[in-house]
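**Q** Next comes the structure file final_13.txt, holding compact mmCIF, C-alpha atoms.
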# COMPACT_ATOMS: atom_id res chain seq x y z
CA MET A 367 114.12 -100.20 -49.10
CA PRO A 368 111.77 -98.15 -51.32
CA SER A 369 113.38 -96.45 -54.31
CA ALA A 370 113.93 -92.69 -54.40
CA THR A 371 110.99 -92.42 -56.82
CA GLU A 372 108.68 -94.33 -54.48
CA GLN A 373 109.79 -92.20 -51.56
CA VAL A 374 109.28 -88.88 -53.36
CA VAL A 375 105.80 -89.94 -54.52
CA GLU A 376 104.87 -90.90 -50.96
CA GLN A 377 106.16 -87.62 -49.52
CA ALA A 378 104.47 -85.51 -52.18
CA GLN A 379 101.11 -87.25 -51.76
CA ALA A 380 101.27 -86.75 -48.00
CA LEU A 381 102.00 -83.02 -48.38
CA LEU A 382 99.17 -82.54 -50.89
CA SER A 383 96.64 -84.63 -48.95
CA SER A 384 97.32 -82.78 -45.71
CA GLY A 385 97.08 -79.35 -47.31
CA GLN A 386 100.65 -78.51 -46.26
CA ALA A 387 101.39 -77.86 -49.94
CA GLU A 388 99.12 -76.66 -52.72
CA VAL A 389 101.59 -77.84 -55.34
CA VAL A 390 104.69 -80.03 -55.45
CA LEU A 391 107.30 -79.07 -58.01
CA GLY A 392 109.33 -82.04 -59.18
CA TYR A 393 110.29 -84.16 -62.17
CA GLN A 394 108.47 -86.47 -64.58
CA ARG A 395 109.69 -88.72 -67.38
CA ALA A 396 108.45 -87.71 -70.84
CA PRO A 397 108.67 -89.93 -73.95
CA GLY A 398 111.25 -88.84 -76.50
CA PHE A 399 113.34 -86.83 -74.05
CA VAL A 400 116.69 -87.81 -72.55
CA LEU A 401 116.16 -85.56 -69.53
CA ALA A 402 113.23 -85.49 -67.12
CA ARG A 403 110.77 -82.60 -67.44
CA PRO A 404 109.35 -80.36 -64.68
CA LEU A 405 106.04 -81.37 -63.12
CA PHE A 406 103.67 -79.21 -61.07
CA ALA A 407 101.66 -81.81 -59.13
CA ARG A 408 98.52 -80.35 -57.56
CA THR A 409 96.74 -83.55 -56.55
CA PRO A 410 97.89 -86.86 -55.05
CA GLU A 411 96.98 -88.50 -58.36
CA GLN A 412 99.24 -86.16 -60.32
CA ALA A 413 102.02 -86.81 -57.79
CA GLU A 414 102.12 -90.45 -58.96
CA ARG A 415 103.95 -89.18 -62.08
CA LEU A 416 106.88 -87.89 -60.02
CA MET A 417 110.21 -89.69 -60.46
CA LEU A 418 113.90 -89.37 -59.62
CA ASP A 419 116.89 -90.61 -61.58
CA PRO A 420 120.12 -89.16 -63.03
CA GLY A 421 118.09 -87.60 -65.85
CA CYS A 422 116.67 -85.05 -63.37
CA VAL A 423 119.07 -82.34 -64.47
CA ALA A 424 117.11 -79.08 -64.51
CA ASP A 425 117.50 -76.63 -61.62
CA LEU A 426 113.84 -76.21 -60.64
CA SER A 427 114.50 -73.00 -58.71
CA SER A 428 113.97 -71.12 -61.98
CA TYR A 429 110.24 -71.79 -61.37
CA ALA A 430 110.34 -70.58 -57.76
CA LEU A 431 108.65 -67.24 -58.45
CA GLN A 432 105.63 -69.08 -59.88
CA LEU A 433 104.98 -71.13 -56.74
CA PRO A 434 102.10 -70.32 -54.36
CA GLN A 435 102.71 -69.47 -50.71
CA LYS A 436 102.29 -73.10 -49.63
CA ALA A 437 104.41 -75.26 -51.90
CA ALA A 438 107.00 -78.03 -51.95
CA ALA A 439 109.95 -78.55 -54.27
CA VAL A 440 112.03 -81.63 -55.04
CA VAL A 441 115.66 -80.50 -54.90
CA LYS A 442 119.17 -81.75 -55.44
CA GLY A 443 121.89 -80.29 -53.23
CA CYS A 444 122.92 -77.82 -55.94
CA ASP A 445 119.29 -76.74 -56.42
CA VAL A 446 119.02 -75.90 -52.72
CA ARG A 447 121.77 -73.30 -53.19
CA SER A 448 119.77 -71.61 -55.94
CA PHE A 449 116.60 -71.53 -53.81
CA VAL A 450 118.56 -70.17 -50.84
CA GLY A 451 120.05 -67.51 -53.12
CA LEU A 452 116.53 -66.34 -53.98
CA ILE A 453 115.70 -66.25 -50.26
CA GLN A 454 118.84 -64.17 -49.62
CA GLU A 455 117.67 -61.64 -52.19
CA LYS A 456 114.12 -61.54 -50.78
CA GLN A 457 112.67 -62.87 -54.02
CA ILE A 458 110.87 -65.74 -52.27
CA LYS A 459 109.87 -66.37 -48.67
CA PRO A 460 110.97 -69.54 -46.86
CA GLU A 461 107.74 -69.68 -44.84
CA GLY A 462 105.41 -72.25 -46.34
CA LEU A 463 108.08 -73.72 -48.63
CA THR A 464 108.95 -77.38 -48.04
CA PHE A 465 112.04 -78.94 -49.58
CA ILE A 466 112.13 -82.64 -50.46
CA GLY A 467 115.86 -83.22 -50.77
CA TRP A 468 117.34 -85.98 -52.91
CA ASN A 469 120.67 -87.69 -52.25
CA CYS A 470 121.87 -87.14 -55.80
CA PRO A 471 123.98 -89.83 -57.54
CA GLY A 472 125.06 -87.28 -60.14
CA VAL A 473 123.15 -86.21 -63.25
CA VAL A 474 123.87 -86.91 -66.89
CA SER A 475 124.82 -84.55 -69.68
CA GLU A 476 122.38 -84.81 -72.57
CA ARG A 477 125.14 -83.88 -75.04
CA LYS A 478 127.40 -86.70 -73.78
CA VAL A 479 124.54 -89.21 -73.74
CA ARG A 480 123.57 -88.41 -77.33
CA GLN A 481 127.18 -88.64 -78.47
CA ARG A 482 127.32 -92.21 -77.19
CA LEU A 483 123.79 -93.47 -77.84
CA GLY A 484 122.92 -91.57 -81.01
CA ASP A 485 119.26 -91.69 -82.06
CA ARG A 486 118.64 -94.51 -79.57
CA ALA A 487 118.67 -91.82 -76.86
CA ASP A 488 115.22 -90.71 -78.05
CA THR A 489 113.78 -94.03 -76.82
CA LEU A 490 115.16 -93.67 -73.30
CA THR A 491 112.63 -94.46 -70.57
CA ALA A 492 114.84 -94.60 -67.45
CA VAL A 493 118.40 -94.23 -66.23
CA ARG A 494 120.00 -95.41 -63.02
CA ARG A 495 123.47 -95.43 -61.55
CA GLU A 496 125.01 -98.67 -60.29
CA GLY A 497 128.49 -98.13 -58.87
CA ASP A 498 130.61 -96.54 -61.56
CA GLN A 499 128.14 -97.35 -64.35
CA MET A 500 125.07 -95.57 -65.74
CA ILE A 501 122.39 -97.98 -66.96
CA PHE A 502 120.08 -96.63 -69.68
CA THR A 503 116.77 -98.36 -70.39
CA LEU A 504 116.05 -98.06 -74.11
CA ALA A 505 113.50 -99.49 -76.52
CA ASP A 506 115.96 -102.21 -77.59
CA GLY A 507 117.14 -103.11 -74.09
CA GLU A 508 119.58 -101.77 -71.52
CA GLN A 509 122.86 -100.04 -72.29
CA SER A 510 125.61 -99.62 -69.69
CA LEU A 511 128.12 -96.77 -69.96
CA PRO A 512 130.85 -95.60 -67.57
CA ALA A 513 129.31 -92.90 -65.38
CA ALA A 514 132.44 -90.77 -65.79
CA ASP A 515 131.75 -90.63 -69.55
CA VAL A 516 128.23 -89.23 -69.27
CA LEU A 517 128.09 -87.21 -66.05
CA ALA A 518 127.53 -83.47 -66.28
CA ASP A 519 130.84 -81.63 -65.84
CA ARG A 520 129.71 -79.85 -62.70
CA CYS A 521 129.05 -83.15 -60.92
CA PHE A 522 132.77 -83.97 -60.76
CA ILE A 523 133.43 -81.02 -58.42
CA CYS A 524 130.11 -80.97 -56.55
CA LYS A 525 130.35 -80.65 -52.74
CA VAL A 526 126.63 -80.85 -51.96
CA GLN A 527 125.51 -84.30 -53.13
CA GLN A 528 123.60 -84.60 -49.85
CA PRO A 529 121.20 -81.65 -49.61
CA GLN A 530 121.44 -79.42 -46.55
CA GLY A 531 118.69 -77.45 -44.82
CA VAL A 532 115.80 -79.51 -46.20
CA GLN A 533 112.81 -80.89 -44.32
CA VAL A 534 112.79 -84.35 -45.94
CA VAL A 535 115.50 -86.43 -47.62
CA VAL A 536 114.85 -89.30 -50.04
CA GLY A 537 117.22 -91.76 -51.66
CA GLU A 538 120.28 -93.47 -50.27
CA PRO A 539 123.62 -91.60 -50.18
CA ILE A 540 125.96 -92.78 -52.91
CA THR A 541 129.69 -92.26 -53.29
CA PRO A 542 130.32 -89.44 -55.77
CA ILE A 543 132.47 -89.97 -58.82
CA THR A 544 135.31 -87.50 -58.53
CA SER A 545 137.77 -86.31 -61.12
CA ASP A 546 139.87 -83.32 -62.02
CA ASP A 547 137.80 -80.27 -62.90
CA PRO A 548 136.81 -80.78 -66.57
CA LEU A 549 137.08 -77.02 -67.11
CA GLY A 550 140.42 -76.68 -65.33
CA SER A 551 142.80 -76.76 -68.27
CA GLU A 552 140.62 -74.51 -70.44
CA LEU A 553 140.25 -71.96 -67.63
CA GLN A 554 144.01 -71.91 -67.15
CA ARG A 555 144.55 -71.44 -70.87
CA LEU A 556 142.16 -68.50 -71.02
CA HIS A 557 143.65 -66.90 -67.90
CA ALA A 558 147.10 -67.11 -69.48
CA ALA A 559 145.94 -65.64 -72.80
CA SER A 560 146.36 -61.98 -73.70
CA PRO A 561 143.31 -59.66 -73.75
CA ASP A 562 143.32 -59.73 -77.57
CA GLU A 563 143.42 -63.52 -77.60
CA ARG A 564 140.53 -63.76 -75.13
CA ARG A 565 138.48 -61.29 -77.15
CA ALA A 566 139.10 -63.29 -80.32
CA PHE A 567 138.06 -66.48 -78.49
CA TRP A 568 134.76 -65.01 -77.35
CA ALA A 569 134.11 -63.18 -80.61
CA GLU A 570 134.20 -66.54 -82.38
CA HIS A 571 131.64 -67.98 -79.95
CA PHE A 572 129.36 -64.94 -79.66
CA GLU A 573 129.19 -64.75 -83.45
CA ARG A 574 126.92 -67.81 -83.20
CA CYS A 575 124.61 -66.26 -80.60
CA ILE A 576 121.05 -65.87 -81.90
CA ARG A 577 119.93 -63.87 -78.83
CA CYS A 578 117.20 -66.35 -77.94
CA TYR A 579 117.76 -65.46 -74.25
CA ALA A 580 117.48 -69.11 -73.18
CA CYS A 581 120.46 -68.52 -70.87
CA ARG A 582 118.65 -65.67 -69.16
CA GLU A 583 115.32 -67.47 -68.91
CA VAL A 584 116.78 -70.60 -67.29
CA CYS A 585 119.07 -68.77 -64.86
CA PRO A 586 117.70 -68.89 -61.28
CA ALA A 587 119.37 -65.55 -60.49
CA CYS A 588 117.94 -63.73 -63.53
CA CYS A 589 114.75 -62.88 -61.66
CA CYS A 590 114.21 -59.17 -62.45
CA ARG A 591 110.56 -58.41 -63.24
CA GLU A 592 111.76 -56.26 -66.13
CA CYS A 593 115.13 -56.94 -67.71
CA ILE A 594 117.16 -54.04 -69.06
CA ILE A 595 117.53 -56.06 -72.26
CA ASP A 596 113.76 -55.83 -72.82
CA CYS A 597 113.51 -52.07 -72.24
CA THR A 598 112.35 -50.13 -75.29
CA ARG A 599 112.23 -46.60 -73.83
CA PRO A 600 115.13 -46.18 -74.12
CA VAL A 601 116.60 -49.16 -75.96
CA TRP A 602 119.76 -50.02 -74.04
CA VAL A 603 120.73 -53.08 -76.08
CA PRO A 604 119.49 -53.42 -79.69
CA ARG A 605 117.89 -56.79 -80.38
CA ALA A 606 119.80 -57.52 -83.58
CA PRO A 607 122.34 -60.32 -82.88
CA THR A 608 125.43 -58.38 -83.94
CA GLU A 609 128.87 -59.09 -82.50
CA GLN A 610 128.95 -55.82 -80.56
CA ASP A 611 125.47 -56.22 -79.08
CA ASN A 612 126.01 -59.91 -78.30
CA PHE A 613 129.09 -58.89 -76.32
CA LEU A 614 127.10 -56.18 -74.55
CA PHE A 615 124.27 -58.55 -73.64
CA GLN A 616 126.61 -61.11 -72.11
CA GLN A 617 128.66 -58.45 -70.32
CA ILE A 618 125.49 -57.13 -68.66
CA ARG A 619 124.32 -60.63 -67.68
CA MET A 620 127.73 -61.69 -66.39
CA LEU A 621 128.09 -58.53 -64.31
CA HIS A 622 124.64 -58.91 -62.76
CA VAL A 623 124.89 -62.62 -61.92
CA PRO A 624 128.39 -64.07 -61.29
CA GLY A 625 129.97 -60.62 -61.16
CA TYR A 626 127.78 -59.68 -58.18
CA GLY A 627 128.46 -63.04 -56.50
CA ARG A 628 124.97 -64.41 -57.30
CA CYS A 629 126.04 -67.44 -59.34
CA THR A 630 125.94 -70.96 -57.87
CA ASP A 631 127.75 -72.49 -60.88
CA CYS A 632 124.71 -74.61 -61.74
CA GLY A 633 125.67 -74.55 -65.42
CA GLU A 634 122.09 -74.22 -66.65
CA CYS A 635 122.93 -71.33 -68.99
CA GLU A 636 125.44 -73.44 -70.92
CA ARG A 637 123.20 -76.52 -70.87
CA VAL A 638 120.29 -74.83 -72.65
CA CYS A 639 122.31 -72.79 -75.18
CA PRO A 640 121.13 -73.98 -78.61
CA VAL A 641 124.42 -73.00 -80.30
CA ASN A 642 126.71 -74.51 -77.64
CA ILE A 643 128.46 -71.36 -76.41
CA PRO A 644 130.68 -72.39 -73.44
CA LEU A 645 129.11 -69.89 -71.07
CA ARG A 646 130.29 -71.73 -67.98
CA LEU A 647 133.84 -70.63 -68.77
CA LEU A 648 132.65 -67.07 -68.16
CA THR A 649 130.48 -67.77 -65.13
CA ARG A 650 133.14 -69.95 -63.49
CA THR A 651 135.82 -67.29 -63.96
CA LEU A 652 133.73 -64.67 -62.15
CA HIS A 653 132.38 -67.18 -59.62
CA ASP A 654 135.94 -68.19 -58.70
CA ASP A 655 136.99 -64.54 -58.45
CA ILE A 656 134.24 -63.92 -55.89
CA VAL A 657 135.38 -66.97 -53.90
CA ARG A 658 138.99 -65.77 -54.01
CA LEU A 659 138.31 -62.13 -53.15
CA TYR A 660 135.50 -62.54 -50.60
CA ASN A 661 135.57 -66.21 -49.56
CA TYR A 662 131.90 -66.30 -50.51
CA ARG A 663 129.81 -69.00 -52.18
CA HIS A 664 126.26 -68.05 -53.01
CA GLY A 665 123.31 -69.98 -51.63
CA LEU A 666 124.93 -71.60 -48.60
CA ASP A 667 123.56 -69.23 -45.93
CA SER A 668 120.18 -67.53 -46.27
CA GLU A 669 121.28 -64.77 -43.87
CA ALA A 670 124.57 -63.94 -45.59
CA PRO A 671 124.76 -60.69 -47.57
CA VAL A 672 125.74 -60.93 -51.24
CA PRO A 673 129.22 -59.35 -51.58
CA MET A 674 128.39 -56.69 -54.19
CA THR A 675 125.26 -55.55 -52.35
CA VAL A 676 127.07 -54.42 -49.19
CA TYR A 677 130.21 -52.48 -48.34
CA ASP A 678 132.67 -53.29 -45.59
CA THR A 679 135.73 -51.19 -44.83
CA ALA A 680 137.68 -54.43 -44.39
CA ASP A 681 136.97 -55.54 -47.97
CA SER A 682 140.02 -56.29 -50.06
CA GLU A 683 140.87 -53.66 -52.66
CA ALA A 684 143.73 -55.67 -54.15
CA HIS A 685 141.85 -55.95 -57.45
CA MET A 686 142.06 -52.14 -57.68
CA GLY A 687 145.78 -52.14 -57.05
CA ARG A 688 145.39 -51.17 -53.39
CA PRO A 689 146.65 -53.10 -50.38
CA LYS A 690 144.13 -54.74 -48.03
CA LYS A 691 143.16 -52.47 -45.15
Could you write out this file's structure as structure tokens?
**A**
Amino acid sequence: MPSATEQVVEQAQALLSSGQAEVVLGYQRAPGFVLARPLFARTPEQAERLMLDPGCVADLSSYALQLPQKAAAVVKGCDVRSFVGLIQEKQIKPEGLTFIGWNCPGVVSERKVRQRLGDRADTLTAVRREGDQMIFTLADGEQSLPAADVLADRCFICKVQQPQGVQVVVGEPITPITSDDPLGSELQRLHAASPDERRAFWAEHFERCIRCYACREVCPACCCRECIIDCTRPVWVPRAPTEQDNFLFQQIRMLHVPGYGRCTDCGECERVCPVNIPLRLLTRTLHDDIVRLYNYRHGLDSEAPVPMTVYDTADSEAHMGRPKK
């Protein structure tokens, strides 16, 4: 049985050779990096650099607006949700877009990998999952670590390991490694805290924010052509990274993405934060509120309306202190 990498190369070359796709968006291994990097393959020769392994962490839908009309994208099940979310919001058209789905074995957390491998992580050339172990190929040989110790937190609660609604699937299905939600206890603690305690918690974290906007740039749902944060006439949010303006920036982003029901809980914002602000605690709180209030999960149905973009007289108003109609 060909490996997932061999299969994705074969599929990509076929799409490019036939003209069905002008570009295939996927992953490539780059020296010195723990995680795979994005690759825009435009020729069958470039497609030979495509690969798939648990280091393919990035949600490639953040590049969707850059794709031509005829394109293909290599996607994990969670990435499909982000692409479908963009289709729901009419940001991209499904016509001409081919999905190469990957039966994902789970992806690694770079932070966890570096904690366990140290500087040796910079020599990583491949990673594979075998049962409950992750095998890392390094310059000085192979290192095996328990998969549960290095998996990204979101993988423990993932329900879409096998991608849905794709034209092609590569890789063999593999039993997911399940566990209690790694964020569960912290979410419960914050929910039980007083408003003053929660504000103090976030003030401590937002004090570190340098307003690099990496969280906004990587977010698949942050797709406005002009962001209110960048407006200069008038200036809605000053650029200086003060506590007040850092709060305001995150409040605006959280309202527009998870607050409107547009978050798929991909965790990319937290992954790329250079000062390790636990942003997923915020996104998960609002994401879970949308699930509880509207029984809605973004990116599962391209025809479904996003809750905060439509009004229904049957909507619950319990959060406003009113009984359900």
**Q** So how many Å separate CA of Pro624 (chain A) and CA of Thr649 (chain A), to one decimal?
**A**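 Distance reported for this atom pair: 5.7 Å.
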**Q** May I ask which of the residues A:Cys639, A:Val672, A:Leu416, A:Leu659 is the closest one to Cys581 (chain A), counting all atoms listed in the file?
**A**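 Smallest distance to Cys581 (chain A) is found for A:Cys639.
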**Q** One number please: CA of Pro539 (chain A) to CA of Asn469 (chain A), in Å, one decimal.
**A**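 Here the two named atoms are 5.3 Å from each other.
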**Q** Which is closer to Glu388 (chain A) than all the others in A:Val493, A:Leu452, A:Gly462, A:Gln373, using all atoms listed in the file?
**A**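 The shortest atom-to-atom distance to Glu388 (chain A) comes from A:Gly462.
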**Q** Give me, as a list of chain:residue names, all polymer residues having an atom no more than 9 Å from Ala518 (chain A), counting only C-alpha atoms and skipping those fewer than 3 positions away in the same chain.
**A**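 Neighbouring residues, sequence-local ones excluded: A:Val423, A:Gly472, A:Val473, A:Val474, A:Ser475, A:Glu476, A:Lys478, A:Ala514, A:Asp515, A:Cys521, A:Phe522.
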**Q** Could you save those same residues with C-alpha atoms as a PDB file, keeping the file's coordinate frame?
**A**
ATOM      1  CA  VAL A 423     119.070 -82.340 -64.470  1.00  0.00           C
ATOM      2  CA  GLY A 472     125.060 -87.280 -60.140  1.00  0.00           C
ATOM      3  CA  VAL A 473     123.150 -86.210 -63.250  1.00  0.00           C
ATOM      4  CA  VAL A 474     123.870 -86.910 -66.890  1.00  0.00           C
ATOM      5  CA  SER A 475     124.820 -84.550 -69.680  1.00  0.00           C
ATOM      6  CA  GLU A 476     122.380 -84.810 -72.570  1.00  0.00           C
ATOM      7  CA  LYS A 478     127.400 -86.700 -73.780  1.00  0.00           C
ATOM      8  CA  ALA A 514     132.440 -90.770 -65.790  1.00  0.00           C
ATOM      9  CA  ASP A 515     131.750 -90.630 -69.550  1.00  0.00           C
ATOM     10  CA  CYS A 521     129.050 -83.150 -60.920  1.00  0.00           C
ATOM     11  CA  PHE A 522     132.770 -83.970 -60.760  1.00  0.00           C
TER      12      PHE A 522
END
**Q** When you count only C-alpha atoms, which of these residues is closest to Leu614 (chain A): A:Ile595, A:Val584, A:Val641, A:Leu382?
**A**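 Ranked by minimum distance to Leu614 (chain A), first place goes to A:Ile595.
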**Q** With all atoms listed in the file as the atoms that count, which of A:Ala559, A:Ala670, A:Cys597, A:Ile643 lies nearest to Ile576 (chain A)?
**A**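 The answer is A:Ile643, which sits nearest to Ile576 (chain A).
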**Q** Which of these residues is nearest to Glu538 (chain A), using all atoms listed in the file: A:Ala378, A:Cys470, A:Val516, A:Leu490?
**A** A:Cys470
